[in-house]
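Below is one structure, written out as C-alpha cells; comments come after it.
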Amino acid sequence: MPLEAVPLPPTEDRVAYLNDRYRHHSATSVLERALSDPQVGRIAMVSSFGAESVALLHMVAVINPETPVLFIDTHMLFRETLDYQTEVAEKLGLTDIRRITATQVQLEAHDPDGLLHTQDTDACCNLRKTVPLEHALSRFDAWITGRKRFQSATRAALDFFEADGPNRIKVNPLAHWAPQDVQDYMVNNRLPRHPLVAQGYPSIGCAPCTSKVAPGEDPRAGRWRNQQKEECGIHFINGKVVRGPLPKGDAA
C-alpha cells in the first residue's frame with residue numbers, strides 16, 4: 001500500500017511512540033528513521049538556508065536528496081541568503097526545493113507598501129511566513145526543522161518529535177546538539193558557510209528585522225532587536241510554542 005494511503009494514529013500517540021522509540025538515537029539516526037518510518041508519514045524539510053541550515057540539509061541530502069525542502073521566501077530576505085540557497089542546493093544535489101511565498105493578492109491586501117514589519121512584526125511574519133507555510137504543509141504529515149535546545153529559552157525543552165496541531169508532527173533531529181556540534185559537522189564535511197556569518201550575523205532572518213550581533217551577545221539577539229519577540233510564529237499553535245503533545249482542547 002502506498003505511504004500516502006496508510007491511515008495514521010492520532011498525532012499525540014505518534015509523538016509519544018516516536019520519542020520513546022528514538023529517545024537515545026543520534027541526530028542522523030533520528031533523521032534517517034523519520035524519512036522512512038510509517039508512523040511519520042509524508043514528510044518535508046523546512047529550511048531558512050540560514051547560518052546553520054547547511055548541516056541538516058547535508059544530512060537530508062546524504063539520506064535522500066529527493067526529500068522535499070520548503071524554502072520560505074518572504075521577499076524580504078538578504079540577497080546573500082537567496083544566492084546561498086542556490087549554491088547549497090546545487091552543491092548538495094537537493095532535487096526538490098520548493099520556494100514558498102505569500103501570494104501577490106495577499107501582499108497587496110495586507111502589506112501593499114511593504115512596511116508592515118515597521119508597525120507589527122507578528123502580522124508581517126504571519127503574512128509572509130506562517131500562512132504560506134501552513135498552506136504548503138497541508139500536503140504533509142510531518143516536517144523537519146533545524147531547531148536546537150541551546151538556541152533560546154523557548155526551545156530549551158525540545159524533543160526529537162513534537163505535535164504540530166491535531167494532524168501533523170515536527171521532527172527536530174538536532175534538538176540535543178550543542179553549538180560546537182554544529183560547527184564541527186560543518187567543518188568535517190567542508191560545507192559552505194552563509195556569507196553573512198563572517199560579517200557578524202550568527203542568526204539570519206529577513207533583512208529589515210535582522211541586525212549584527214556584538215561579541216558576547218546571544219546569537220539570536222539580532223533577530224527583532226529591542227522587541228519582546230523570539231520566534232517568527234511558524235512554531236506556534238494558538239499563540240503558544242508547542243514542545244510536545246498538545247493539551248486537551250488546544251488542537252482546534
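We name chains A, B, ... following the order of the C-alpha cells; residues begin at 1 in each chain, and ligands are numbered from 1 as shown.
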Shell around Leu107 of chain A at 8 Å using only C-alpha atoms, local window under 5 positions removed, as a short mmCIF file (atom, residue, chain, number, x, y, z; two decimals) with N, CA, C and O atoms, in the first residue's frame:
data_model
loop_
_atom_site.label_atom_id
_atom_site.label_comp_id
_atom_site.auth_asym_id
_atom_site.auth_seq_id
_atom_site.Cartn_x
_atom_site.Cartn_y
_atom_site.Cartn_z
N ALA A 102 4.06 34.17 0.02
CA ALA A 102 2.70 34.70 0.08
C ALA A 102 2.27 35.06 -1.34
O ALA A 102 3.11 35.42 -2.18
N PRO A 112 0.55 46.43 1.24
CA PRO A 112 0.75 46.98 -0.10
C PRO A 112 2.01 47.81 -0.26
O PRO A 112 2.60 47.86 -1.35
N LEU A 127 1.85 36.89 7.73
CA LEU A 127 1.52 37.06 6.32
C LEU A 127 2.55 36.40 5.42
O LEU A 127 2.20 35.69 4.46
#
Find the residues near Ala27 of chain A: any atom within 12 Å, counting only C-alpha atoms, skip ones fewer than 2 places away on the same chain, and give them as a PyMOL selection string.
chain A and resi 22-25+29-34+55-56+59-60+144-148+159-161+171-178+181-182+185
Dump as a tab-separated table the rows for residues of segment 162-201 of chain A within 12 Å of segment 211-216 of chain A: closest atom pair and distance in Å with one decimal, only C-alpha atoms counted, ordered by chain and rising residue number.
residue	atom	partner	partner_atom	distance
A:Leu196	CA	A:Lys212	CA	9.2
A:Val197	CA	A:Lys212	CA	9.2
A:Ala198	CA	A:Lys212	CA	10.4
A:Gln199	CA	A:Lys212	CA	7.7
A:Gly200	CA	A:Lys212	CA	5.1
A:Tyr201	CA	A:Lys212	CA	5.0
Take the residues from that selection and write them out as a PDB file, in the first residue's frame, keeping all heavy atoms.
ATOM      1  N   LEU A 196      27.001  35.904   5.352  1.00  0.00           N
ATOM      2  CA  LEU A 196      26.734  36.932   6.356  1.00  0.00           C
ATOM      3  C   LEU A 196      27.249  36.562   7.744  1.00  0.00           C
ATOM      4  O   LEU A 196      27.393  37.431   8.604  1.00  0.00           O
ATOM      5  CB  LEU A 196      25.236  37.227   6.424  1.00  0.00           C
ATOM      6  CG  LEU A 196      24.638  37.951   5.213  1.00  0.00           C
ATOM      7  CD1 LEU A 196      23.149  38.170   5.415  1.00  0.00           C
ATOM      8  CD2 LEU A 196      25.344  39.287   4.976  1.00  0.00           C
ATOM      9  N   VAL A 197      27.537  35.283   7.973  1.00  0.00           N
ATOM     10  CA  VAL A 197      28.044  34.875   9.289  1.00  0.00           C
ATOM     11  C   VAL A 197      29.359  35.588   9.587  1.00  0.00           C
ATOM     12  O   VAL A 197      29.576  36.097  10.697  1.00  0.00           O
ATOM     13  CB  VAL A 197      28.228  33.346   9.354  1.00  0.00           C
ATOM     14  CG1 VAL A 197      28.934  32.943  10.642  1.00  0.00           C
ATOM     15  CG2 VAL A 197      26.877  32.641   9.259  1.00  0.00           C
ATOM     16  N   ALA A 198      30.236  35.649   8.614  1.00  0.00           N
ATOM     17  CA  ALA A 198      31.536  36.299   8.795  1.00  0.00           C
ATOM     18  C   ALA A 198      31.405  37.808   8.991  1.00  0.00           C
ATOM     19  O   ALA A 198      32.341  38.458   9.455  1.00  0.00           O
ATOM     20  CB  ALA A 198      32.430  36.009   7.594  1.00  0.00           C
ATOM     21  N   GLN A 199      30.235  38.346   8.664  1.00  0.00           N
ATOM     22  CA  GLN A 199      30.010  39.781   8.812  1.00  0.00           C
ATOM     23  C   GLN A 199      29.309  40.128  10.127  1.00  0.00           C
ATOM     24  O   GLN A 199      28.910  41.271  10.342  1.00  0.00           O
ATOM     25  CB  GLN A 199      29.188  40.297   7.631  1.00  0.00           C
ATOM     26  CG  GLN A 199      29.865  40.121   6.288  1.00  0.00           C
ATOM     27  CD  GLN A 199      29.015  40.631   5.131  1.00  0.00           C
ATOM     28  OE1 GLN A 199      28.282  41.614   5.266  1.00  0.00           O
ATOM     29  NE2 GLN A 199      29.091  39.961   3.994  1.00  0.00           N
ATOM     30  N   GLY A 200      29.111  39.120  11.005  1.00  0.00           N
ATOM     31  CA  GLY A 200      28.533  39.390  12.314  1.00  0.00           C
ATOM     32  C   GLY A 200      27.076  39.031  12.461  1.00  0.00           C
ATOM     33  O   GLY A 200      26.396  39.537  13.364  1.00  0.00           O
ATOM     34  N   TYR A 201      26.579  38.120  11.611  1.00  0.00           N
ATOM     35  CA  TYR A 201      25.186  37.684  11.680  1.00  0.00           C
ATOM     36  C   TYR A 201      25.140  36.180  11.985  1.00  0.00           C
ATOM     37  O   TYR A 201      25.055  35.367  11.064  1.00  0.00           O
ATOM     38  CB  TYR A 201      24.473  37.941  10.359  1.00  0.00           C
ATOM     39  CG  TYR A 201      24.324  39.386   9.966  1.00  0.00           C
ATOM     40  CD1 TYR A 201      25.325  40.036   9.252  1.00  0.00           C
ATOM     41  CD2 TYR A 201      23.169  40.097  10.274  1.00  0.00           C
ATOM     42  CE1 TYR A 201      25.184  41.360   8.865  1.00  0.00           C
ATOM     43  CE2 TYR A 201      23.010  41.425   9.893  1.00  0.00           C
ATOM     44  CZ  TYR A 201      24.031  42.047   9.183  1.00  0.00           C
ATOM     45  OH  TYR A 201      23.887  43.361   8.796  1.00  0.00           O
TER      46      TYR A 201
END
Could you pull out the strand (DSSP E) residues of segment 3-205 of chain A, going by DSSP on the backbone, and write them as a PyMOL selection string?
chain A and resi 43-47+69-72+97-100+142-144+161-163+169-171
What would the file look like if the residues just selected were written as a compact mmCIF listing (two decimals), in the first residue's frame with C-alpha atoms?
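Now in result17.txt:
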# COMPACT_ATOMS: atom_id res chain seq x y z
CA ILE A 43 7.44 14.38 5.28
CA ALA A 44 9.18 17.53 4.08
CA MET A 45 12.03 19.63 5.42
CA VAL A 46 11.55 23.33 6.09
CA SER A 47 14.75 25.37 5.82
CA VAL A 69 12.67 21.06 1.01
CA LEU A 70 10.35 24.01 1.64
CA PHE A 71 12.16 27.35 1.48
CA ILE A 72 10.09 30.31 2.68
CA ILE A 97 13.46 22.67 -3.48
CA ARG A 98 10.04 24.30 -3.23
CA ARG A 99 10.00 28.08 -2.86
CA ILE A 100 7.10 29.09 -0.60
CA ALA A 142 5.31 15.79 9.25
CA TRP A 143 8.08 18.32 8.74
CA ILE A 144 11.75 18.52 9.68
CA PHE A 161 9.34 14.71 17.84
CA GLU A 162 6.55 17.11 18.82
CA ALA A 163 2.92 17.72 17.98
CA ILE A 169 4.22 16.43 13.78
CA LYS A 170 7.56 18.21 13.74
CA VAL A 171 10.88 16.40 13.71
Could you name the residues that touch segment 90-92 of chain A at 9 Å or less, counting only C-alpha atoms, but leaving out those on the same chain fewer than 5 positions away, as a PyMOL selection string?
chain A and resi 57-58+61-62+65+85+191-192
Tell me which of A:Ala221, A:Ala207, A:Asp141, A:Thr103 sits closest to Leu82 of chain A, counting only C-alpha atoms.
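When distances to Leu82 of chain A are compared using only C-alpha atoms, the smallest one comes from A:Ala207.
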Best match for closeness to Val40 of chain A among A:Glu217, A:Arg168, A:Asp113, A:Val131, counting only C-alpha atoms:
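Comparing A:Glu217, A:Arg168, A:Asp113, A:Val131 against Val40 of chain A, the winner is A:Arg168.
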As an exercise, work out the distance from atom CA of Glu80 of chain A to atom CA of His110 of chain A in Å and give it to one decimal place.
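According to the coordinates, atom CA of Glu80 of chain A and atom CA of His110 of chain A are separated by 26.5 Å.
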